[in-house]
Each structure stands twice: as C-alpha cells, then as structure tokens.
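Engineer: I have a structure here, written as structure tokens, and I will follow up with some questions on it.
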Number of protein chains: 2
Amino acid sequence: MQLAVDVGENALTERQKDVLDAALALLVEAGDALTMTSVARRASCSKESLYKWFGDRDGLLTATVQWQASKVRAVPVNPEAFNLASLTAGLQRFASDWLHVLSGTISVALNRVAVGHAGSDKHDLGVIVLENGPFAMARRLKPLLQLGRDTGLLHFSETDEAFRTFFGLVVRDVQIRLLLGDRLELTDASIERDSLRATQQFLALYGAQTEAAEGGH
Amino acid sequence: MQLAVDVGENALTERQKDVLDAALALLVEAGDALTMTSVARRASCSKESLYKWFGDRDGLLTATVQWQASKVRAVPVNPEAFNLASLTAGLQRFASDWLHVLSGTISVALNRVAVGHAGSDKHDLGVIVLENGPFAMARRLKPLLQLGRDTGLLHFSETDEAFRTFFGLVVRDVQIRLLLGDRLELTDASIERDSLRATQQFLALYGAQTEAAEGGH
DNA sequence: CCGCTGCCGTAACGTACGGTACGGTACGGC
DNA sequence: GCCGTACCGTACCGTACGTTACGGCAGCGG
C-alpha cells in the first residue's frame, strides 16, 4: 500500500492511477476496441495485475470512468454579493465550462463507450456517466438557480424544468453531433459566444426584469 | 429478383427487407452484441445469403440503418394560409413528432450503435444517423422557420442558429439521458406538454409580436 | 542469506464470432 | 427430365481477445 486517494469506496494507489490514465488515453484513441493487452502494454504492467486490481474488463472500464469523474469535481460558485450581474456571470461561466468539457476528447470517448454499453451491462457505465454528467451538472447549477429565484431575479416554479431548459439552450445539438462523429470545431471564442447567447436567452425566458434584447444576434 | 424499392442506389427485395426488419428487432434487443448467426436464425435465412447481400457485418448494419431511415421520410408541413396560429401549430407538431421518434426504442438502439461505431468505421454509421437524424430534422424545419421570417412572424438572422435553439428547447437532456440508459418515461401527455412549452419558449425568443413581459424591439 | 510479496512479461487456454464451404431443396426455363 | 439459380441449414476455419497460469526479478523483513 502506498499513498491512496479516497474515491467513494475505492482507494487507488499511484500505480493504479497511472494505469487508469493509460486506459483513458487508449479509450480516446481506440474507443471500445480497447483490449486488456493494449492497456497492459501501454501502462507497462502485467495483465495479471489488471485482473487482480479491477476484476475483469468491465471493472477496468468502470474504474476508468470513475477515475476520470473524480478529477472534474469542485468549482463551487457561491458569491455573497448576489445580483443580476453575478447571476449572469455564474450562468455564463457554467455554460462555458460545460461546453468545454463536453467537447473534450475524453468526454466524447467516455460518453461513447457508456452509450455503447448502456442497457446490457452489469456495472452499468451509463449510470455512472449519467451521474457524473447531466446529473452532476444539475446538482451544481440548481443552487444558483434557486438563489436567483429567492432573490427575485428569476421566475420559475420547477427548478428542474428551469435547469433542463438551460441545458437545452447551452448544449443544443452539440453533444449528439459530436458523439455521432460530426466534425464540429468549437473554438474558445465560439464557446464564449454560445455561452453568452444561451445565458441571455435563459434570462429572457426566466428573468424577472429583462430589458435586454431577446433573440440571438 | 422480385419487387424492389428504390433506396438511393440500393434496391432491396422483399426478402431482404424482412431480413433487415429482423436485424432491427435484434438491434433493439441486443444492441451491438448482435451476431450474424442470430440475424440469420431470426430471419430464417442462411449466413451465406447475409454475406452475399450485404458484404459483411458492417454492410448489414449500414443497410439496416438506411432501411430504417427510408421508412421515416415525408411529413411535409406547408399550409397555404400561413399565420401565427399555423406557425405555432407547425412548430408544436414538429416538436411532438421529434420527441416521439427520439424516445422510440428503435431510435435509441440505432443511435447507440452509431455512437459506438463513430470515429473508427469505414461505412461510418455515425454519418448516416447524423444525416437522417439532426440534419434531416433541420432540412425539414428550416423552410417553416424561413416562411415565418418572410411573413414577419419571426425575427432571426441565421436560420441555423434559430433551428439549433429550437432543437435545444425541444430535446434538452432527453436524448443523452435515454442513450445513457436513464429510465425516462415519456408519455403522450408529457410530450404534448413539452412540445407546447418548447414552442412557446421559442416564440418568446424569436417571435415578432410577443406581448409577453419583455419589451424588446 | 532466505523466504515472502508484489509485480512484470509472456505463454497458453477457451471461446465466441466473423467469414467460408458445402450438401440439400425448391423452382423456373428449356 | 435436366440444368442453373437461389436459397436454407449446418459444419467448419481462423482469429482475436478475455482470462488464467507460470517463470523470473526486485525489494524487504528476519
């Protein structure tokens, strides 16, 4: 036993984390065609160790997905001085972060394998990605939305409905097109622009006193 | 040779269409775990015929996806008397149709295999699904949007931006959650409700004379 | 120095499945 | 009746890959 991080129930040694990083890289390169042999070779470890640590191929994939998920936590957004400007900034920053993650090669690769395995799996990868993707996004965004409502800046009855509308305005067809292999280059500039547009559209729909121009320009 | 339908370059006999329907059913049941043997058994045909007709496994999958795509064409929406009511009805009907298709087991299954194969394929399934999914939706919806703009009912500069916003408002997180295996029951009633909400939100953002709270323009 | 543990590297096994070959049958043309 | 065509069913082949087994080495406590 060496230094280990606490990931829920799991504890990973540094060596194991290196192996999972290698698996991640291979997942990005080869997708679900990743083989145990290729992981062992890339990580310079024996297959015996892979099976000892992760049980089987499914366990390795599950651990890999969870390992990646454990990297992207945090980013709390709760300033004390709360007004329309900070709400707007928070929403836009959130949208920008999300689009950056979504369009990253790792996210695309993990979502692909999870979608491919969904429905006929024991360690359902889909549930894990769901939990660390859309659901995590909802958990992180909802406090901001509710704060906006409590301070009278936003109007909605169901927080979940408001969140899902924001999700739609931000993600639109980007994710499904990326997953289906569409070449869709998202530059930092276009992401900033889309985040701003989505935020203003959201405020036009749910904001209390929006004198801003509705509609993208 | 028997009766054949014209599907682009392809011509399928009735027998072959039956085989592809069997493949579709198996794709829904087993996903990408579908085997050539299982298709042959389900369709009561020989593997030899499968390979003769479709070349290889990839060819069979491609033909299956295209066969399904060829079924869901049509549904033109161009009434002559065009006003806000017919625009609203057209948008809502469009949203409702799309949500019904998206949430169907066949759509989910096909999108799953296409996503799984995207990026590392020769007959890229992803492109085909993309072409018959989001892109087909755009081609069908854009004339309606442009008609709305030409008649002064809608305001936007880029048709594509307007379409993608509508897409986001309609689909939201539904598709990705379904693909990832989330149990998400969409009843006819909830689809109608969501279609109406999405349409009204879209009109609030892009409609010309929204007497709603925001007083832009 | 000895034995134990943990691990690497590789060889070996079993199996599932893509792809092919072949025998048997129905049918339509001559 | 005879042939060619199209097809079914099944047996077969080759291979890729998940999984297991084993030999060797390095570090470490005694």
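We name chains A, B, ... following the order of the structure tokens; residues begin at 1 in each chain, and ligands are numbered from 1 as shown.
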Each residue of chain B lying at most 8 Å from chain C should get a row with its shortest atom-to-atom pair and the distance in Å to one decimal, counting only C-alpha atoms (C1' of nucleotides); could you produce that, ordered by chain and increasing number, as a tab-separated table?
Structural biologist:
```
residue	atom	partner	partner_atom	distance
B:Thr35	CA	C:DC17	C1'	7.3
B:Met36	CA	C:DG18	C1'	7.8
B:Arg57	CA	C:DG18	C1'	7.8
```
Engineer: With only C-alpha atoms (C1' of nucleotides) counted and 12 Å as the cut-off, give the residues of chain A in contact with chain D, each with its shortest interatomic distance in Å and the pair that gives it, as a tab-separated table.
Structural biologist:
```
residue	atom	partner	partner_atom	distance
A:Ala33	CA	D:DC17	C1'	10.3
A:Leu34	CA	D:DC17	C1'	10.3
A:Thr35	CA	D:DC17	C1'	7.3
A:Met36	CA	D:DG18	C1'	7.7
A:Thr37	CA	D:DC17	C1'	8.5
A:Ser38	CA	D:DC17	C1'	10.7
A:Lys47	CA	D:DT19	C1'	9.2
A:Glu48	CA	D:DT20	C1'	8.4
A:Ser49	CA	D:DT20	C1'	12.0
A:Leu50	CA	D:DT19	C1'	10.9
A:Tyr51	CA	D:DT19	C1'	8.5
A:Lys52	CA	D:DT19	C1'	11.4
A:Gly55	CA	D:DT19	C1'	10.3
A:Asp56	CA	D:DG18	C1'	8.3
A:Arg57	CA	D:DG18	C1'	7.7
A:Asp58	CA	D:DG18	C1'	10.7
```
Engineer: Got a sec to align chain B on chain A by every in-order Cα pair and hand back the fitted coordinates as a PDB file with C-alpha atoms, in the first residue's frame?
Structural biologist:
```
ATOM      1  CA  MET B   1      -0.235  -0.539   0.119  1.00  0.00           C
ATOM      2  CA  GLN B   2       0.939   2.919  -0.728  1.00  0.00           C
ATOM      3  CA  LEU B   3      -0.635   6.329  -0.656  1.00  0.00           C
ATOM      4  CA  ALA B   4      -4.241   6.024  -1.687  1.00  0.00           C
ATOM      5  CA  VAL B   5      -7.017   8.397  -2.575  1.00  0.00           C
ATOM      6  CA  ASP B   6     -10.494   7.957  -1.258  1.00  0.00           C
ATOM      7  CA  VAL B   7     -12.928   7.599  -4.117  1.00  0.00           C
ATOM      8  CA  GLY B   8     -16.199   6.728  -2.549  1.00  0.00           C
ATOM      9  CA  GLU B   9     -15.724   3.113  -1.528  1.00  0.00           C
ATOM     10  CA  ASN B  10     -12.609   2.615  -3.570  1.00  0.00           C
ATOM     11  CA  ALA B  11      -9.026   3.235  -2.639  1.00  0.00           C
ATOM     12  CA  LEU B  12      -6.533   3.440  -5.452  1.00  0.00           C
ATOM     13  CA  THR B  13      -2.781   3.220  -5.124  1.00  0.00           C
ATOM     14  CA  GLU B  14      -0.591   5.497  -7.201  1.00  0.00           C
ATOM     15  CA  ARG B  15       0.320   2.551  -9.370  1.00  0.00           C
ATOM     16  CA  GLN B  16      -3.290   1.790 -10.045  1.00  0.00           C
ATOM     17  CA  LYS B  17      -4.003   5.395 -10.904  1.00  0.00           C
ATOM     18  CA  ASP B  18      -1.177   5.291 -13.433  1.00  0.00           C
ATOM     19  CA  VAL B  19      -2.725   2.178 -14.921  1.00  0.00           C
ATOM     20  CA  LEU B  20      -6.123   3.865 -15.182  1.00  0.00           C
ATOM     21  CA  ASP B  21      -4.534   6.867 -16.868  1.00  0.00           C
ATOM     22  CA  ALA B  22      -3.044   4.498 -19.410  1.00  0.00           C
ATOM     23  CA  ALA B  23      -6.463   2.932 -19.894  1.00  0.00           C
ATOM     24  CA  LEU B  24      -7.946   6.393 -20.420  1.00  0.00           C
ATOM     25  CA  ALA B  25      -5.377   7.183 -23.071  1.00  0.00           C
ATOM     26  CA  LEU B  26      -6.096   3.929 -24.859  1.00  0.00           C
ATOM     27  CA  LEU B  27      -9.808   4.533 -24.608  1.00  0.00           C
ATOM     28  CA  VAL B  28      -9.306   7.838 -26.385  1.00  0.00           C
ATOM     29  CA  GLU B  29      -7.186   6.213 -29.068  1.00  0.00           C
ATOM     30  CA  ALA B  30      -9.004   2.966 -29.679  1.00  0.00           C
ATOM     31  CA  GLY B  31     -12.390   3.372 -28.051  1.00  0.00           C
ATOM     32  CA  ASP B  32     -14.133   0.189 -27.082  1.00  0.00           C
ATOM     33  CA  ALA B  33     -11.618  -1.829 -29.079  1.00  0.00           C
ATOM     34  CA  LEU B  34      -9.304  -1.467 -26.093  1.00  0.00           C
ATOM     35  CA  THR B  35      -7.959  -4.844 -24.994  1.00  0.00           C
ATOM     36  CA  MET B  36      -6.663  -5.993 -21.650  1.00  0.00           C
ATOM     37  CA  THR B  37      -3.369  -6.859 -23.272  1.00  0.00           C
ATOM     38  CA  SER B  38      -2.984  -3.379 -24.698  1.00  0.00           C
ATOM     39  CA  VAL B  39      -3.644  -1.790 -21.313  1.00  0.00           C
ATOM     40  CA  ALA B  40      -1.123  -4.079 -19.646  1.00  0.00           C
ATOM     41  CA  ARG B  41       1.495  -3.277 -22.257  1.00  0.00           C
ATOM     42  CA  ARG B  42       0.856   0.477 -22.198  1.00  0.00           C
ATOM     43  CA  ALA B  43       0.948   0.616 -18.423  1.00  0.00           C
ATOM     44  CA  SER B  44       3.866  -1.820 -18.157  1.00  0.00           C
ATOM     45  CA  CYS B  45       1.969  -4.044 -15.840  1.00  0.00           C
ATOM     46  CA  SER B  46       0.913  -7.662 -15.984  1.00  0.00           C
ATOM     47  CA  LYS B  47      -2.528  -8.818 -16.934  1.00  0.00           C
ATOM     48  CA  GLU B  48      -2.564 -10.737 -13.710  1.00  0.00           C
ATOM     49  CA  SER B  49      -2.440  -7.442 -11.821  1.00  0.00           C
ATOM     50  CA  LEU B  50      -5.233  -5.997 -13.932  1.00  0.00           C
ATOM     51  CA  TYR B  51      -7.501  -8.874 -13.059  1.00  0.00           C
ATOM     52  CA  LYS B  52      -6.456  -8.828  -9.425  1.00  0.00           C
ATOM     53  CA  TRP B  53      -7.160  -5.121  -9.067  1.00  0.00           C
ATOM     54  CA  PHE B  54     -10.228  -4.677 -11.226  1.00  0.00           C
ATOM     55  CA  GLY B  55     -11.809  -8.110 -11.464  1.00  0.00           C
ATOM     56  CA  ASP B  56     -12.526  -8.220 -15.160  1.00  0.00           C
ATOM     57  CA  ARG B  57     -12.696  -6.035 -18.231  1.00  0.00           C
ATOM     58  CA  ASP B  58     -15.918  -4.412 -17.140  1.00  0.00           C
ATOM     59  CA  GLY B  59     -14.430  -3.631 -13.773  1.00  0.00           C
ATOM     60  CA  LEU B  60     -11.464  -1.986 -15.429  1.00  0.00           C
ATOM     61  CA  LEU B  61     -13.704   0.167 -17.602  1.00  0.00           C
ATOM     62  CA  THR B  62     -15.855   1.101 -14.632  1.00  0.00           C
ATOM     63  CA  ALA B  63     -12.836   2.031 -12.545  1.00  0.00           C
ATOM     64  CA  THR B  64     -11.482   4.074 -15.443  1.00  0.00           C
ATOM     65  CA  VAL B  65     -14.686   6.040 -15.829  1.00  0.00           C
ATOM     66  CA  GLN B  66     -14.907   6.653 -12.090  1.00  0.00           C
ATOM     67  CA  TRP B  67     -11.283   7.668 -11.938  1.00  0.00           C
ATOM     68  CA  GLN B  68     -11.834  10.271 -14.619  1.00  0.00           C
ATOM     69  CA  ALA B  69     -14.996  11.428 -12.872  1.00  0.00           C
ATOM     70  CA  SER B  70     -13.116  11.888  -9.620  1.00  0.00           C
ATOM     71  CA  LYS B  71     -10.787  14.319 -11.371  1.00  0.00           C
ATOM     72  CA  VAL B  72     -13.364  16.846 -12.475  1.00  0.00           C
ATOM     73  CA  ARG B  73     -15.135  17.707  -9.294  1.00  0.00           C
ATOM     74  CA  ALA B  74     -15.261  21.004  -7.438  1.00  0.00           C
ATOM     75  CA  VAL B  75     -15.575  24.441  -9.078  1.00  0.00           C
ATOM     76  CA  PRO B  76     -18.013  25.923  -6.572  1.00  0.00           C
ATOM     77  CA  VAL B  77     -19.737  29.119  -7.681  1.00  0.00           C
ATOM     78  CA  ASN B  78     -21.297  31.010  -4.807  1.00  0.00           C
ATOM     79  CA  PRO B  79     -20.244  34.609  -4.505  1.00  0.00           C
ATOM     80  CA  GLU B  80     -21.774  36.622  -1.663  1.00  0.00           C
ATOM     81  CA  ALA B  81     -22.441  39.800  -3.556  1.00  0.00           C
ATOM     82  CA  PHE B  82     -25.154  38.476  -5.846  1.00  0.00           C
ATOM     83  CA  ASN B  83     -26.670  40.541  -8.605  1.00  0.00           C
ATOM     84  CA  LEU B  84     -27.546  40.325 -12.268  1.00  0.00           C
ATOM     85  CA  ALA B  85     -23.923  40.742 -13.277  1.00  0.00           C
ATOM     86  CA  SER B  86     -22.663  37.894 -11.101  1.00  0.00           C
ATOM     87  CA  LEU B  87     -25.573  35.687 -12.140  1.00  0.00           C
ATOM     88  CA  THR B  88     -24.793  36.336 -15.769  1.00  0.00           C
ATOM     89  CA  ALA B  89     -21.108  35.733 -15.213  1.00  0.00           C
ATOM     90  CA  GLY B  90     -21.829  32.523 -13.312  1.00  0.00           C
ATOM     91  CA  LEU B  91     -24.075  31.171 -16.037  1.00  0.00           C
ATOM     92  CA  GLN B  92     -21.674  32.053 -18.777  1.00  0.00           C
ATOM     93  CA  ARG B  93     -18.717  30.578 -16.962  1.00  0.00           C
ATOM     94  CA  PHE B  94     -20.727  27.470 -16.348  1.00  0.00           C
ATOM     95  CA  ALA B  95     -21.660  27.157 -20.012  1.00  0.00           C
ATOM     96  CA  SER B  96     -18.095  27.710 -21.076  1.00  0.00           C
ATOM     97  CA  ASP B  97     -16.732  25.079 -18.687  1.00  0.00           C
ATOM     98  CA  TRP B  98     -19.332  22.605 -19.803  1.00  0.00           C
ATOM     99  CA  LEU B  99     -18.653  23.090 -23.499  1.00  0.00           C
ATOM    100  CA  HIS B 100     -14.944  22.729 -22.898  1.00  0.00           C
ATOM    101  CA  VAL B 101     -15.464  19.455 -21.066  1.00  0.00           C
ATOM    102  CA  LEU B 102     -17.985  18.127 -23.587  1.00  0.00           C
ATOM    103  CA  SER B 103     -15.762  18.736 -26.547  1.00  0.00           C
ATOM    104  CA  GLY B 104     -12.669  17.230 -24.954  1.00  0.00           C
ATOM    105  CA  THR B 105     -11.373  13.984 -26.387  1.00  0.00           C
ATOM    106  CA  ILE B 106     -11.674  12.214 -23.038  1.00  0.00           C
ATOM    107  CA  SER B 107     -15.303  13.153 -22.575  1.00  0.00           C
ATOM    108  CA  VAL B 108     -16.139  12.082 -26.103  1.00  0.00           C
ATOM    109  CA  ALA B 109     -14.364   8.764 -25.669  1.00  0.00           C
ATOM    110  CA  LEU B 110     -15.967   7.977 -22.321  1.00  0.00           C
ATOM    111  CA  ASN B 111     -19.429   8.925 -23.508  1.00  0.00           C
ATOM    112  CA  ARG B 112     -18.946   6.702 -26.539  1.00  0.00           C
ATOM    113  CA  VAL B 113     -18.100   3.595 -24.571  1.00  0.00           C
ATOM    114  CA  ALA B 114     -20.817   4.325 -22.023  1.00  0.00           C
ATOM    115  CA  VAL B 115     -23.413   4.744 -24.748  1.00  0.00           C
ATOM    116  CA  GLY B 116     -22.198   1.594 -26.432  1.00  0.00           C
ATOM    117  CA  HIS B 117     -22.572  -0.414 -23.239  1.00  0.00           C
ATOM    118  CA  ALA B 118     -25.800   1.146 -22.037  1.00  0.00           C
ATOM    119  CA  GLY B 119     -28.725  -1.182 -21.618  1.00  0.00           C
ATOM    120  CA  SER B 120     -26.855  -4.482 -21.581  1.00  0.00           C
ATOM    121  CA  ASP B 121     -24.410  -4.160 -18.738  1.00  0.00           C
ATOM    122  CA  LYS B 122     -24.060  -5.196 -15.185  1.00  0.00           C
ATOM    123  CA  HIS B 123     -21.845  -2.377 -13.916  1.00  0.00           C
ATOM    124  CA  ASP B 124     -23.841  -0.026 -16.076  1.00  0.00           C
ATOM    125  CA  LEU B 125     -21.354   2.478 -17.358  1.00  0.00           C
ATOM    126  CA  GLY B 126     -24.175   4.578 -18.704  1.00  0.00           C
ATOM    127  CA  VAL B 127     -25.464   5.265 -15.218  1.00  0.00           C
ATOM    128  CA  ILE B 128     -22.038   6.321 -14.036  1.00  0.00           C
ATOM    129  CA  VAL B 129     -21.507   8.711 -16.915  1.00  0.00           C
ATOM    130  CA  LEU B 130     -25.033   9.999 -16.521  1.00  0.00           C
ATOM    131  CA  GLU B 131     -24.395  10.588 -12.854  1.00  0.00           C
ATOM    132  CA  ASN B 132     -21.138  12.410 -13.456  1.00  0.00           C
ATOM    133  CA  GLY B 133     -22.268  14.173 -16.609  1.00  0.00           C
ATOM    134  CA  PRO B 134     -25.723  15.715 -16.972  1.00  0.00           C
ATOM    135  CA  PHE B 135     -26.811  14.980 -13.389  1.00  0.00           C
ATOM    136  CA  ALA B 136     -23.666  16.431 -11.865  1.00  0.00           C
ATOM    137  CA  MET B 137     -24.106  19.472 -14.058  1.00  0.00           C
ATOM    138  CA  ALA B 138     -27.655  19.857 -12.784  1.00  0.00           C
ATOM    139  CA  ARG B 139     -26.614  19.536  -9.156  1.00  0.00           C
ATOM    140  CA  ARG B 140     -23.974  22.181  -9.622  1.00  0.00           C
ATOM    141  CA  LEU B 141     -26.137  24.614 -11.548  1.00  0.00           C
ATOM    142  CA  LYS B 142     -29.402  24.415  -9.643  1.00  0.00           C
ATOM    143  CA  PRO B 143     -28.203  26.285  -6.555  1.00  0.00           C
ATOM    144  CA  LEU B 144     -27.242  29.181  -8.791  1.00  0.00           C
ATOM    145  CA  LEU B 145     -30.627  29.130 -10.482  1.00  0.00           C
ATOM    146  CA  GLN B 146     -32.460  29.003  -7.182  1.00  0.00           C
ATOM    147  CA  LEU B 147     -30.371  31.820  -5.829  1.00  0.00           C
ATOM    148  CA  GLY B 148     -31.361  33.769  -8.894  1.00  0.00           C
ATOM    149  CA  ARG B 149     -34.995  33.050  -8.255  1.00  0.00           C
ATOM    150  CA  ASP B 150     -34.786  33.831  -4.548  1.00  0.00           C
ATOM    151  CA  THR B 151     -33.259  37.208  -5.320  1.00  0.00           C
ATOM    152  CA  GLY B 152     -35.923  37.935  -7.904  1.00  0.00           C
ATOM    153  CA  LEU B 153     -33.574  37.907 -10.859  1.00  0.00           C
ATOM    154  CA  LEU B 154     -35.125  34.818 -12.428  1.00  0.00           C
ATOM    155  CA  HIS B 155     -38.669  33.607 -12.809  1.00  0.00           C
ATOM    156  CA  PHE B 156     -39.540  29.929 -13.133  1.00  0.00           C
ATOM    157  CA  SER B 157     -41.651  27.408 -11.305  1.00  0.00           C
ATOM    158  CA  GLU B 158     -39.691  24.206 -11.836  1.00  0.00           C
ATOM    159  CA  THR B 159     -35.950  24.395 -11.272  1.00  0.00           C
ATOM    160  CA  ASP B 160     -35.460  21.259 -13.300  1.00  0.00           C
ATOM    161  CA  GLU B 161     -37.273  22.720 -16.293  1.00  0.00           C
ATOM    162  CA  ALA B 162     -35.139  25.842 -16.131  1.00  0.00           C
ATOM    163  CA  PHE B 163     -31.987  23.786 -15.896  1.00  0.00           C
ATOM    164  CA  ARG B 164     -32.911  21.615 -18.844  1.00  0.00           C
ATOM    165  CA  THR B 165     -33.678  24.637 -20.961  1.00  0.00           C
ATOM    166  CA  PHE B 166     -30.302  26.092 -20.130  1.00  0.00           C
ATOM    167  CA  PHE B 167     -28.733  22.730 -20.970  1.00  0.00           C
ATOM    168  CA  GLY B 168     -30.423  22.771 -24.359  1.00  0.00           C
ATOM    169  CA  LEU B 169     -29.385  26.329 -25.122  1.00  0.00           C
ATOM    170  CA  VAL B 170     -25.775  25.533 -24.244  1.00  0.00           C
ATOM    171  CA  VAL B 171     -25.267  22.079 -25.689  1.00  0.00           C
ATOM    172  CA  ARG B 172     -27.683  22.207 -28.641  1.00  0.00           C
ATOM    173  CA  ASP B 173     -26.573  19.591 -31.195  1.00  0.00           C
ATOM    174  CA  VAL B 174     -22.917  19.778 -30.243  1.00  0.00           C
ATOM    175  CA  GLN B 175     -22.675  16.642 -28.133  1.00  0.00           C
ATOM    176  CA  ILE B 176     -24.566  14.274 -30.392  1.00  0.00           C
ATOM    177  CA  ARG B 177     -22.630  15.497 -33.411  1.00  0.00           C
ATOM    178  CA  LEU B 178     -19.310  14.989 -31.654  1.00  0.00           C
ATOM    179  CA  LEU B 179     -20.345  11.530 -30.495  1.00  0.00           C
ATOM    180  CA  LEU B 180     -21.356  10.590 -34.019  1.00  0.00           C
ATOM    181  CA  GLY B 181     -17.938  11.600 -35.276  1.00  0.00           C
ATOM    182  CA  ASP B 182     -18.712  14.953 -36.826  1.00  0.00           C
ATOM    183  CA  ARG B 183     -15.633  17.091 -37.216  1.00  0.00           C
ATOM    184  CA  LEU B 184     -16.737  20.142 -35.312  1.00  0.00           C
ATOM    185  CA  GLU B 185     -13.940  22.351 -34.167  1.00  0.00           C
ATOM    186  CA  LEU B 186     -14.804  24.347 -31.096  1.00  0.00           C
ATOM    187  CA  THR B 187     -12.271  27.079 -30.547  1.00  0.00           C
ATOM    188  CA  ASP B 188     -11.988  28.940 -27.287  1.00  0.00           C
ATOM    189  CA  ALA B 189     -13.390  31.966 -29.049  1.00  0.00           C
ATOM    190  CA  SER B 190     -16.438  30.159 -30.414  1.00  0.00           C
ATOM    191  CA  ILE B 191     -17.099  28.587 -27.017  1.00  0.00           C
ATOM    192  CA  GLU B 192     -16.995  31.994 -25.367  1.00  0.00           C
ATOM    193  CA  ARG B 193     -19.367  33.341 -27.981  1.00  0.00           C
ATOM    194  CA  ASP B 194     -21.784  30.441 -27.618  1.00  0.00           C
ATOM    195  CA  SER B 195     -21.701  30.649 -23.840  1.00  0.00           C
ATOM    196  CA  LEU B 196     -22.605  34.297 -23.997  1.00  0.00           C
ATOM    197  CA  ARG B 197     -25.392  33.697 -26.490  1.00  0.00           C
ATOM    198  CA  ALA B 198     -26.848  30.831 -24.464  1.00  0.00           C
ATOM    199  CA  THR B 199     -26.734  32.891 -21.288  1.00  0.00           C
ATOM    200  CA  GLN B 200     -28.454  35.854 -22.851  1.00  0.00           C
ATOM    201  CA  GLN B 201     -31.077  33.660 -24.440  1.00  0.00           C
ATOM    202  CA  PHE B 202     -31.694  32.029 -21.084  1.00  0.00           C
ATOM    203  CA  LEU B 203     -32.045  35.411 -19.410  1.00  0.00           C
ATOM    204  CA  ALA B 204     -34.396  36.526 -22.147  1.00  0.00           C
ATOM    205  CA  LEU B 205     -36.613  33.541 -21.360  1.00  0.00           C
ATOM    206  CA  TYR B 206     -36.359  33.430 -17.597  1.00  0.00           C
ATOM    207  CA  GLY B 207     -34.981  36.813 -16.573  1.00  0.00           C
ATOM    208  CA  ALA B 208     -37.182  39.124 -14.516  1.00  0.00           C
ATOM    209  CA  GLN B 209     -36.459  42.538 -15.937  1.00  0.00           C
ATOM    210  CA  THR B 210     -35.561  41.985 -19.538  1.00  0.00           C
ATOM    211  CA  GLU B 211     -36.002  45.306 -21.229  1.00  0.00           C
ATOM    212  CA  ALA B 212     -35.796  43.466 -24.534  1.00  0.00           C
ATOM    213  CA  ALA B 213     -38.519  43.555 -27.154  1.00  0.00           C
ATOM    214  CA  GLU B 214     -40.968  41.209 -25.471  1.00  0.00           C
ATOM    215  CA  GLY B 215     -43.072  42.846 -22.783  1.00  0.00           C
ATOM    216  CA  GLY B 216     -44.332  39.976 -20.742  1.00  0.00           C
ATOM    217  CA  HIS B 217     -45.384  40.167 -17.071  1.00  0.00           C
TER     218      HIS B 217
END
```
Engineer: Using DSSP assignments from the backbone, pull out every residue in range 1-154 of chain B that falls under strand (DSSP E) and give it to me as a PyMOL selection string.
Structural biologist: chain B and resi 4-7+10-13
Engineer: Next, the residues of the selection above should be written as a short mmCIF file (atom, residue, chain, number, x, y, z; two decimals), in the first residue's frame with N, CA and C atoms.
Structural biologist:
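Dumped to out22.cif:
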```cif
data_model
loop_
_atom_site.label_atom_id
_atom_site.label_comp_id
_atom_site.auth_asym_id
_atom_site.auth_seq_id
_atom_site.Cartn_x
_atom_site.Cartn_y
_atom_site.Cartn_z
N ALA B 4 -38.88 -4.54 -55.84
CA ALA B 4 -37.80 -3.88 -55.10
C ALA B 4 -38.14 -2.40 -54.90
N VAL B 5 -37.69 -1.88 -53.79
CA VAL B 5 -37.86 -0.45 -53.56
C VAL B 5 -36.57 0.26 -53.93
N ASP B 6 -36.70 1.49 -54.33
CA ASP B 6 -35.54 2.26 -54.69
C ASP B 6 -35.09 3.09 -53.50
N VAL B 7 -33.96 2.71 -52.94
CA VAL B 7 -33.44 3.46 -51.80
C VAL B 7 -32.11 4.04 -52.22
N ASN B 10 -29.52 1.76 -53.68
CA ASN B 10 -29.80 0.37 -53.36
C ASN B 10 -31.17 -0.07 -53.85
N ALA B 11 -31.29 -1.35 -54.07
CA ALA B 11 -32.58 -1.92 -54.40
C ALA B 11 -32.74 -3.17 -53.53
N LEU B 12 -33.77 -3.17 -52.72
CA LEU B 12 -33.94 -4.27 -51.78
C LEU B 12 -35.15 -5.11 -52.18
N THR B 13 -34.97 -6.41 -52.19
CA THR B 13 -36.10 -7.30 -52.41
C THR B 13 -36.92 -7.38 -51.13
#
```
Engineer: Quick one: pick out all alpha helix (DSSP H) residues within range 82-182 of chain A from a backbone DSSP run and write them as an MDAnalysis selection string.
Structural biologist: chainID A and resid 84:103 105:117 125:132 134:150 159:171 174:179
